[in-house]
>>> print(open('work-v5.txt').read())   # compact mmCIF, C-alpha atoms and all ligand atoms
# COMPACT_ATOMS: atom_id res chain seq x y z
CA MET A 1 -3.92 18.64 -7.60
CA ALA A 2 -0.69 17.59 -5.93
CA ARG A 3 -0.40 14.00 -4.85
CA LYS A 4 -0.18 13.87 -1.08
CA PHE A 5 2.68 11.68 0.16
CA PHE A 6 1.38 8.39 1.51
CA VAL A 7 3.14 6.11 3.99
CA GLY A 8 1.58 2.76 4.79
CA GLY A 9 2.84 0.31 7.39
CA ASN A 10 1.97 -3.29 6.59
CA TRP A 11 2.48 -5.24 9.80
CA LYS A 12 1.67 -8.52 8.01
CA CYS A 13 1.11 -11.50 10.34
CA ASN A 14 3.12 -10.09 13.24
CA GLY A 15 2.57 -8.92 16.79
CA THR A 16 1.22 -9.74 20.21
CA THR A 17 -1.11 -7.44 22.14
CA GLU A 18 1.86 -6.10 24.09
CA GLU A 19 3.93 -5.48 20.97
CA VAL A 20 1.02 -3.77 19.23
CA LYS A 21 0.51 -1.44 22.21
CA LYS A 22 4.20 -0.58 22.13
CA ILE A 23 4.19 0.26 18.42
CA VAL A 24 1.08 2.43 18.86
CA ALA A 25 2.71 4.26 21.79
CA THR A 26 5.80 4.97 19.67
CA LEU A 27 3.66 6.30 16.82
CA ASN A 28 1.54 8.40 19.16
CA ASP A 29 4.62 10.08 20.64
CA ALA A 30 6.25 10.85 17.29
CA GLN A 31 6.71 14.30 15.82
CA VAL A 32 5.83 14.01 12.14
CA PRO A 33 4.90 16.38 9.31
CA PRO A 34 1.26 17.53 9.34
CA GLN A 35 -1.61 15.73 7.66
CA ASP A 36 -1.60 18.03 4.66
CA VAL A 37 1.96 16.86 3.91
CA VAL A 38 1.72 13.13 4.61
CA GLU A 39 -1.06 10.57 4.97
CA VAL A 40 -0.14 7.74 7.35
CA VAL A 41 -1.99 4.42 7.41
CA VAL A 42 -0.99 1.38 9.46
CA SER A 43 -2.25 -2.11 8.78
CA PRO A 44 -2.29 -4.53 11.70
CA PRO A 45 -3.66 -8.07 11.47
CA PHE A 46 -7.49 -8.18 11.59
CA ILE A 47 -7.50 -9.29 15.20
CA PHE A 48 -5.73 -6.12 16.37
CA LEU A 49 -7.62 -3.64 14.16
CA SER A 50 -10.05 -2.50 16.87
CA LEU A 51 -7.31 -2.13 19.46
CA VAL A 52 -5.15 -0.08 17.11
CA LYS A 53 -8.03 2.02 15.83
CA SER A 54 -9.19 2.91 19.33
CA THR A 55 -5.74 3.83 20.65
CA LEU A 56 -3.94 5.33 17.64
CA ARG A 57 -3.56 9.11 17.27
CA PRO A 58 -6.42 10.56 15.20
CA ASP A 59 -4.21 11.90 12.41
CA PHE A 60 -3.08 8.34 11.51
CA HIS A 61 -5.48 5.82 10.00
CA VAL A 62 -5.82 2.06 9.80
CA ALA A 63 -6.11 -0.47 6.98
CA ALA A 64 -7.09 -4.12 6.90
CA GLN A 65 -4.69 -6.44 5.05
CA ASN A 66 -7.38 -8.15 2.98
CA CYS A 67 -11.13 -8.62 2.65
CA TRP A 68 -13.56 -10.99 0.97
CA VAL A 69 -14.30 -10.53 -2.72
CA LYS A 70 -18.09 -10.08 -2.37
CA LYS A 71 -20.78 -9.62 0.23
CA GLY A 72 -20.15 -11.64 3.39
CA GLY A 73 -21.97 -14.87 4.20
CA ALA A 74 -20.98 -18.52 4.33
CA PHE A 75 -17.25 -17.99 3.77
CA THR A 76 -15.49 -19.48 6.77
CA GLY A 77 -12.41 -17.60 7.85
CA GLU A 78 -13.07 -14.54 5.70
CA VAL A 79 -13.73 -10.94 6.71
CA SER A 80 -16.08 -8.89 4.53
CA ALA A 81 -15.79 -5.34 3.28
CA GLU A 82 -19.10 -4.59 5.05
CA MET A 83 -17.57 -5.60 8.39
CA LEU A 84 -14.64 -3.27 7.87
CA VAL A 85 -17.04 -0.44 7.03
CA ASN A 86 -19.11 -1.33 10.10
CA LEU A 87 -16.00 -0.90 12.25
CA SER A 88 -15.12 2.38 10.48
CA ILE A 89 -11.90 0.92 9.04
CA PRO A 90 -11.26 3.26 6.10
CA TRP A 91 -8.60 1.37 4.13
CA VAL A 92 -7.82 -2.14 2.90
CA ILE A 93 -4.67 -3.55 1.27
CA LEU A 94 -5.56 -5.85 -1.65
CA GLY A 95 -3.48 -8.01 -3.97
CA HIS A 96 -0.36 -8.15 -1.84
CA SER A 97 2.19 -10.43 -3.51
CA GLU A 98 2.19 -12.74 -0.49
CA ARG A 99 -1.50 -13.40 -1.13
CA ARG A 100 -1.03 -13.64 -4.90
CA GLN A 101 1.85 -16.10 -4.51
CA LEU A 102 0.99 -18.10 -1.39
CA LEU A 103 -2.79 -18.11 -1.67
CA GLY A 104 -3.14 -18.09 -5.44
CA GLU A 105 -4.99 -14.78 -5.87
CA SER A 106 -5.22 -14.06 -9.59
CA ASN A 107 -5.20 -10.66 -11.29
CA GLU A 108 -8.94 -11.00 -11.93
CA PHE A 109 -9.71 -11.93 -8.32
CA VAL A 110 -7.74 -8.92 -7.05
CA GLY A 111 -9.56 -6.70 -9.58
CA GLU A 112 -12.92 -8.00 -8.37
CA LYS A 113 -11.98 -7.50 -4.73
CA THR A 114 -10.86 -3.95 -5.46
CA ALA A 115 -14.10 -3.09 -7.22
CA TYR A 116 -16.22 -4.61 -4.47
CA ALA A 117 -14.30 -2.94 -1.63
CA LEU A 118 -14.60 0.44 -3.38
CA SER A 119 -18.33 -0.11 -3.93
CA GLN A 120 -18.74 -0.53 -0.18
CA GLY A 121 -16.91 2.73 0.54
CA LEU A 122 -13.46 1.42 1.43
CA LYS A 123 -10.28 2.99 0.12
CA VAL A 124 -7.88 0.50 -1.43
CA ILE A 125 -4.10 0.10 -1.49
CA ALA A 126 -3.80 -2.16 -4.55
CA CYS A 127 -0.48 -4.00 -4.85
CA VAL A 128 1.30 -4.93 -8.05
CA GLY A 129 4.81 -6.16 -8.76
CA GLU A 130 6.95 -8.64 -10.67
CA THR A 131 8.98 -11.63 -9.49
CA LEU A 132 12.74 -11.82 -10.01
CA GLU A 133 12.21 -14.35 -12.78
CA GLN A 134 9.82 -12.00 -14.57
CA ARG A 135 12.23 -9.06 -14.19
CA GLU A 136 15.12 -11.09 -15.53
CA ALA A 137 12.97 -12.15 -18.48
CA GLY A 138 12.34 -8.46 -19.26
CA ALA A 139 8.63 -8.80 -18.45
CA THR A 140 8.34 -6.30 -15.59
CA LEU A 141 6.23 -3.71 -17.37
CA GLU A 142 4.03 -6.31 -19.01
CA VAL A 143 3.36 -7.95 -15.63
CA VAL A 144 2.51 -4.77 -13.73
CA ALA A 145 0.39 -3.51 -16.64
CA ALA A 146 -1.61 -6.77 -16.66
CA GLN A 147 -2.13 -6.55 -12.90
CA THR A 148 -3.23 -2.91 -13.18
CA LYS A 149 -5.46 -3.66 -16.19
CA ALA A 150 -7.42 -6.26 -14.21
CA ILE A 151 -8.19 -3.50 -11.71
CA ALA A 152 -8.82 -0.76 -14.29
CA GLU A 153 -11.33 -2.93 -16.16
CA ARG A 154 -13.50 -3.08 -13.05
CA VAL A 155 -12.92 0.31 -11.44
CA SER A 156 -14.01 3.74 -12.62
CA ASN A 157 -13.46 5.81 -9.48
CA TRP A 158 -9.72 6.01 -8.87
CA ALA A 159 -9.95 8.73 -6.22
CA ASP A 160 -9.91 6.10 -3.46
CA VAL A 161 -7.15 3.91 -4.91
CA VAL A 162 -3.44 3.99 -4.14
CA ILE A 163 -1.25 1.72 -6.26
CA ALA A 164 1.63 0.06 -4.42
CA TYR A 165 4.45 -1.10 -6.68
CA GLU A 166 6.17 -3.85 -4.75
CA PRO A 167 8.70 -5.92 -6.70
CA VAL A 168 8.54 -9.40 -5.18
CA TRP A 169 12.33 -9.74 -5.20
CA ALA A 170 12.62 -6.67 -2.96
CA ILE A 171 10.09 -7.74 -0.32
CA GLY A 172 11.65 -8.82 2.94
CA THR A 173 14.98 -9.44 1.24
CA GLY A 174 16.90 -6.30 2.14
CA LYS A 175 17.40 -5.92 -1.63
CA VAL A 176 15.68 -2.58 -2.25
CA ALA A 177 14.99 -1.39 -5.80
CA THR A 178 17.36 1.35 -6.85
CA PRO A 179 15.75 4.79 -7.08
CA ALA A 180 16.09 4.52 -10.89
CA GLN A 181 14.40 1.10 -10.97
CA ALA A 182 11.50 2.34 -8.85
CA GLN A 183 11.15 5.55 -10.84
CA GLU A 184 11.15 3.69 -14.15
CA VAL A 185 8.26 1.40 -13.18
CA HIS A 186 6.28 4.17 -11.46
CA CYS A 187 6.65 6.39 -14.52
CA GLU A 188 5.57 3.57 -16.85
CA LEU A 189 2.58 2.79 -14.63
CA ARG A 190 1.57 6.43 -14.76
CA LYS A 191 1.88 6.39 -18.56
CA TRP A 192 -0.24 3.25 -18.60
CA LEU A 193 -2.92 5.01 -16.51
CA HIS A 194 -2.75 8.01 -18.85
CA ALA A 195 -3.37 5.84 -21.90
CA ASN A 196 -5.93 3.49 -20.36
CA THR A 197 -7.90 5.50 -17.80
CA SER A 198 -7.61 9.27 -18.09
CA PRO A 199 -4.95 12.00 -17.91
CA GLU A 200 -6.55 13.14 -14.64
CA VAL A 201 -6.35 9.68 -13.05
CA ALA A 202 -2.72 9.41 -14.18
CA ALA A 203 -1.87 12.80 -12.68
CA THR A 204 -3.63 12.31 -9.35
CA THR A 205 -3.29 8.61 -8.47
CA ARG A 206 -0.60 7.96 -5.93
CA ILE A 207 1.91 5.25 -6.82
CA ILE A 208 3.87 4.18 -3.77
CA TYR A 209 6.89 1.89 -3.56
CA GLY A 210 7.30 -1.13 -1.29
CA GLY A 211 10.14 -3.60 -0.79
CA SER A 212 12.89 -3.28 1.84
CA VAL A 213 12.21 0.41 2.49
CA ASN A 214 13.96 1.56 5.65
CA GLY A 215 15.05 4.67 7.49
CA GLY A 216 18.27 4.79 5.50
CA ASN A 217 17.02 4.45 1.91
CA CYS A 218 13.65 6.26 2.10
CA LYS A 219 14.84 9.79 1.36
CA VAL A 220 16.54 9.05 -1.92
CA LEU A 221 13.56 6.97 -3.08
CA ALA A 222 11.16 9.73 -2.00
CA GLY A 223 13.17 12.13 -4.16
CA GLN A 224 12.03 10.36 -7.34
CA PRO A 225 9.31 12.34 -9.13
CA ASP A 226 6.86 9.45 -9.53
CA VAL A 227 7.37 7.89 -6.09
CA ASP A 228 4.46 9.21 -4.02
CA GLY A 229 5.21 7.35 -0.81
CA PHE A 230 5.83 3.89 0.57
CA LEU A 231 4.28 0.65 1.71
CA VAL A 232 6.61 -0.56 4.43
CA GLY A 233 6.78 -4.07 5.87
CA GLY A 234 9.51 -4.99 8.36
CA ALA A 235 10.55 -1.42 9.16
CA SER A 236 6.96 -0.44 9.98
CA LEU A 237 7.26 -2.49 13.16
CA LYS A 238 10.25 -0.45 14.29
CA PRO A 239 10.81 3.15 15.42
CA GLU A 240 12.52 3.89 12.07
CA PHE A 241 9.00 3.97 10.56
CA ILE A 242 8.91 7.54 11.91
CA ASP A 243 11.94 8.44 9.75
CA ILE A 244 10.15 6.98 6.74
CA ILE A 245 7.08 9.14 7.48
CA LYS A 246 9.38 12.15 7.74
CA SER A 247 10.80 11.48 4.27
CA ALA A 248 7.65 13.24 3.04
CA GLU A 249 9.58 16.45 3.72
CA VAL A 250 11.76 15.64 0.70
CA LYS A 251 8.73 16.23 -1.53
CA LYS A 252 7.73 19.41 0.25
CA SER A 253 11.08 21.01 -0.37
CA ALA A 254 11.36 19.65 -3.95
O1 LIG A 301 5.59 -6.27 1.49
C1 LIG A 301 5.93 -5.17 1.89
C2 LIG A 301 4.91 -4.17 2.28
O2 LIG A 301 3.63 -4.54 1.90
C3 LIG A 301 7.35 -4.81 2.02
O3 LIG A 301 7.90 -5.59 2.99
P1 LIG A 301 9.40 -5.24 3.53
O4 LIG A 301 9.41 -3.74 3.79
O5 LIG A 301 9.55 -6.04 4.79
O6 LIG A 301 10.34 -5.61 2.44
>>> encode(input="work-v5.txt", output="structure tokens")
Amino acid sequence: MARKFFVGGNWKCNGTTEEVKKIVATLNDAQVPPQDVVEVVVSPPFIFLSLVKSTLRPDFHVAAQNCWVKKGGAFTGEVSAEMLVNLSIPWVILGHSERRQLLGESNEFVGEKTAYALSQGLKVIACVGETLEQREAGATLEVVAAQTKAIAERVSNWADVVIAYEPVWAIGTGKVATPAQAQEVHCELRKWLHANTSPEVAATTRIIYGGSVNGGNCKVLAGQPDVDGFLVGGASLKPEFIDIIKSAEVKKSA
């Protein structure tokens, strides 16, 4: 089974109602490859999820940027997986490096969240990635393997998981990984899945790249054999997100 190209737009903690409406209008007007070529998922802040879901074109889908680790209840400020399911939100991003770094989410916590979200019927974009310090210490593969292991230990159904490799040093810095750097880590992650889950999971799980992806660098990254799409931050708020979606064509003609 071929891995369908996946483009996610992580809007992070950005936007006003007016800005959100404008982004949705731009997406709705765009000519993009069909759904059998590219899967597009945008992730607004929780508070705009309903607005985006109800106004976005039906061939694009929405994701939450986080959810609580277990069943909802007395957890002030949290949003549960059940609530997302209740609102028919199909996807959730978990383990983003901003949450790992700024809010102290551990590998185990992200693994538990992933397992719980999947158990409730959500599909998960699970983020992994090393810091600059870890890369410079030669620990990149060890770090992303440990992050993936904490998920793999708790998850058996990988059909609803997309792994996002997002090197922390490339996020929001304009310092994109080179195509060779991205390909190396994606290939190693796939080998890790092959050895630690199953050959089928390794062959079918999409591994997408995130970190300073833009309209100018997306095509060459998309040309790498183990890069199955992107998780886009800053550029997902701009019209160039359409160009990034269109980079799926690179795979089609490969
Ligand atoms: O964190 C990211 C997506 O989740 C990437 O952010 P930037 O595209 O702004 O570097």
>>> axis_aligned_box(input="work-v5.txt", around="ligand LIG 301 (chain A)", padding_each_side="3 Å", output="lines of an AutoDock Vina configuration file")
center_x = 7.0
center_y = -5.0
center_z = 3.1
size_x = 12.7
size_y = 8.5
size_z = 9.3
>>> residues_around(input="work-v5.txt", residues="A:Val24", least_positions_apart="4", cutoff="7 Å", atoms="only C-alpha atoms", output="NGL selection string")
:A and (20 or 28 or 52 or 56)
>>> closest_atom_pairs(input="work-v5.txt", of="chain A", to="ligand LIG 301 (chain A)", cutoff="8 Å", atoms="all atoms listed in the file", output="tab-separated table")
residue	atom	partner	partner_atom	distance
A:Gly9	CA	A:LIG301	C2	7.1
A:Asn10	CA	A:LIG301	O2	5.1
A:Trp11	CA	A:LIG301	C2	8.0
A:Lys12	CA	A:LIG301	O2	7.6
A:His96	CA	A:LIG301	O2	6.6
A:Ser97	CA	A:LIG301	O1	7.3
A:Glu98	CA	A:LIG301	O1	7.6
A:Cys127	CA	A:LIG301	O2	7.9
A:Glu166	CA	A:LIG301	O1	6.7
A:Val168	CA	A:LIG301	O1	7.9
A:Ala170	CA	A:LIG301	O6	6.0
A:Ile171	CA	A:LIG301	O6	3.5
A:Gly172	CA	A:LIG301	O6	3.5
A:Thr173	CA	A:LIG301	O6	6.1
A:Gly174	CA	A:LIG301	O6	6.6
A:Val176	CA	A:LIG301	O6	7.7
A:Gly210	CA	A:LIG301	C3	4.9
A:Gly211	CA	A:LIG301	O6	3.8
A:Ser212	CA	A:LIG301	O6	3.5
A:Val213	CA	A:LIG301	O4	5.2
A:Asn214	CA	A:LIG301	O4	7.2
A:Leu231	CA	A:LIG301	C2	4.9
A:Val232	CA	A:LIG301	O4	4.3
A:Gly233	CA	A:LIG301	O4	3.4
A:Gly234	CA	A:LIG301	O5	3.7
A:Ala235	CA	A:LIG301	O4	6.0
A:Ser236	CA	A:LIG301	O4	7.4
>>> closest_residue(input="work-v5.txt", among="A:Ser106, A:Gln120, A:Thr131, A:Thr16", to="A:Glu82", atoms="only C-alpha atoms")
A:Gln120
>>> closest_residue(input="work-v5.txt", among="A:Ser50, A:Gln224, A:Thr114, A:Asn196", to="A:Leu84", atoms="all atoms listed in the file")
A:Ser50
>>> residues_around(input="work-v5.txt", residues="A:Val227", least_positions_apart="3", cutoff="8 Å", atoms="all atoms listed in the file", output="CSV table (one decimal) with C-alpha atoms, keeping the file's coordinate frame")
chain,number,residue,atom,x,y,z
A,182,ALA,CA,11.5,2.3,-8.8
A,183,GLN,CA,11.2,5.6,-10.8
A,186,HIS,CA,6.3,4.2,-11.5
A,206,ARG,CA,-0.6,8.0,-5.9
A,207,ILE,CA,1.9,5.2,-6.8
A,208,ILE,CA,3.9,4.2,-3.8
A,209,TYR,CA,6.9,1.9,-3.6
A,221,LEU,CA,13.6,7.0,-3.1
A,222,ALA,CA,11.2,9.7,-2.0
A,223,GLY,CA,13.2,12.1,-4.2
A,224,GLN,CA,12.0,10.4,-7.3
A,230,PHE,CA,5.8,3.9,0.6
>>> residues_around(input="work-v5.txt", residues="A:Glu39", least_positions_apart="4", cutoff="7 Å", atoms="all atoms listed in the file", output="PyMOL selection string")
chain A and resi 4-7+35
>>> write_last_selection(input="work-v5.txt", atoms="C-alpha atoms", output="short mmCIF file (atom, residue, chain, number, x, y, z; two decimals), keeping the file's coordinate frame")
data_model
loop_
_atom_site.label_atom_id
_atom_site.label_comp_id
_atom_site.auth_asym_id
_atom_site.auth_seq_id
_atom_site.Cartn_x
_atom_site.Cartn_y
_atom_site.Cartn_z
CA LYS A 4 -0.18 13.87 -1.08
CA PHE A 5 2.68 11.68 0.16
CA PHE A 6 1.38 8.39 1.51
CA VAL A 7 3.14 6.11 3.99
CA GLN A 35 -1.61 15.73 7.66
#
>>> build_atoms(input="work-v5.txt", residues="stretch 77-88 of chain A", atoms="N, CA and C atoms", output="PDB file, in the frame of the given file")
ATOM      1  N   GLY A  77     -13.753 -18.151   7.741  1.00  0.00           N
ATOM      2  CA  GLY A  77     -12.410 -17.600   7.850  1.00  0.00           C
ATOM      3  C   GLY A  77     -12.218 -16.268   7.158  1.00  0.00           C
ATOM      4  N   GLU A  78     -13.218 -15.808   6.429  1.00  0.00           N
ATOM      5  CA  GLU A  78     -13.070 -14.540   5.700  1.00  0.00           C
ATOM      6  C   GLU A  78     -13.637 -13.371   6.502  1.00  0.00           C
ATOM      7  N   VAL A  79     -13.221 -12.186   6.118  1.00  0.00           N
ATOM      8  CA  VAL A  79     -13.730 -10.940   6.710  1.00  0.00           C
ATOM      9  C   VAL A  79     -14.252 -10.096   5.555  1.00  0.00           C
ATOM     10  N   SER A  80     -15.492  -9.601   5.672  1.00  0.00           N
ATOM     11  CA  SER A  80     -16.080  -8.890   4.530  1.00  0.00           C
ATOM     12  C   SER A  80     -15.793  -7.403   4.563  1.00  0.00           C
ATOM     13  N   ALA A  81     -15.931  -6.799   3.394  1.00  0.00           N
ATOM     14  CA  ALA A  81     -15.790  -5.340   3.280  1.00  0.00           C
ATOM     15  C   ALA A  81     -16.822  -4.648   4.168  1.00  0.00           C
ATOM     16  N   GLU A  82     -18.045  -5.217   4.229  1.00  0.00           N
ATOM     17  CA  GLU A  82     -19.100  -4.590   5.050  1.00  0.00           C
ATOM     18  C   GLU A  82     -18.686  -4.530   6.520  1.00  0.00           C
ATOM     19  N   MET A  83     -18.004  -5.586   6.975  1.00  0.00           N
ATOM     20  CA  MET A  83     -17.570  -5.600   8.390  1.00  0.00           C
ATOM     21  C   MET A  83     -16.545  -4.506   8.648  1.00  0.00           C
ATOM     22  N   LEU A  84     -15.651  -4.314   7.691  1.00  0.00           N
ATOM     23  CA  LEU A  84     -14.640  -3.270   7.870  1.00  0.00           C
ATOM     24  C   LEU A  84     -15.321  -1.904   7.921  1.00  0.00           C
ATOM     25  N   VAL A  85     -16.296  -1.709   7.035  1.00  0.00           N
ATOM     26  CA  VAL A  85     -17.040  -0.440   7.030  1.00  0.00           C
ATOM     27  C   VAL A  85     -17.783  -0.273   8.350  1.00  0.00           C
ATOM     28  N   ASN A  86     -18.373  -1.376   8.831  1.00  0.00           N
ATOM     29  CA  ASN A  86     -19.110  -1.330  10.100  1.00  0.00           C
ATOM     30  C   ASN A  86     -18.212  -0.896  11.261  1.00  0.00           C
ATOM     31  N   LEU A  87     -16.939  -1.287  11.197  1.00  0.00           N
ATOM     32  CA  LEU A  87     -16.000  -0.900  12.250  1.00  0.00           C
ATOM     33  C   LEU A  87     -15.282   0.417  11.949  1.00  0.00           C
ATOM     34  N   SER A  88     -15.730   1.108  10.898  1.00  0.00           N
ATOM     35  CA  SER A  88     -15.120   2.380  10.480  1.00  0.00           C
ATOM     36  C   SER A  88     -13.638   2.235  10.154  1.00  0.00           C
TER      37      SER A  88
END
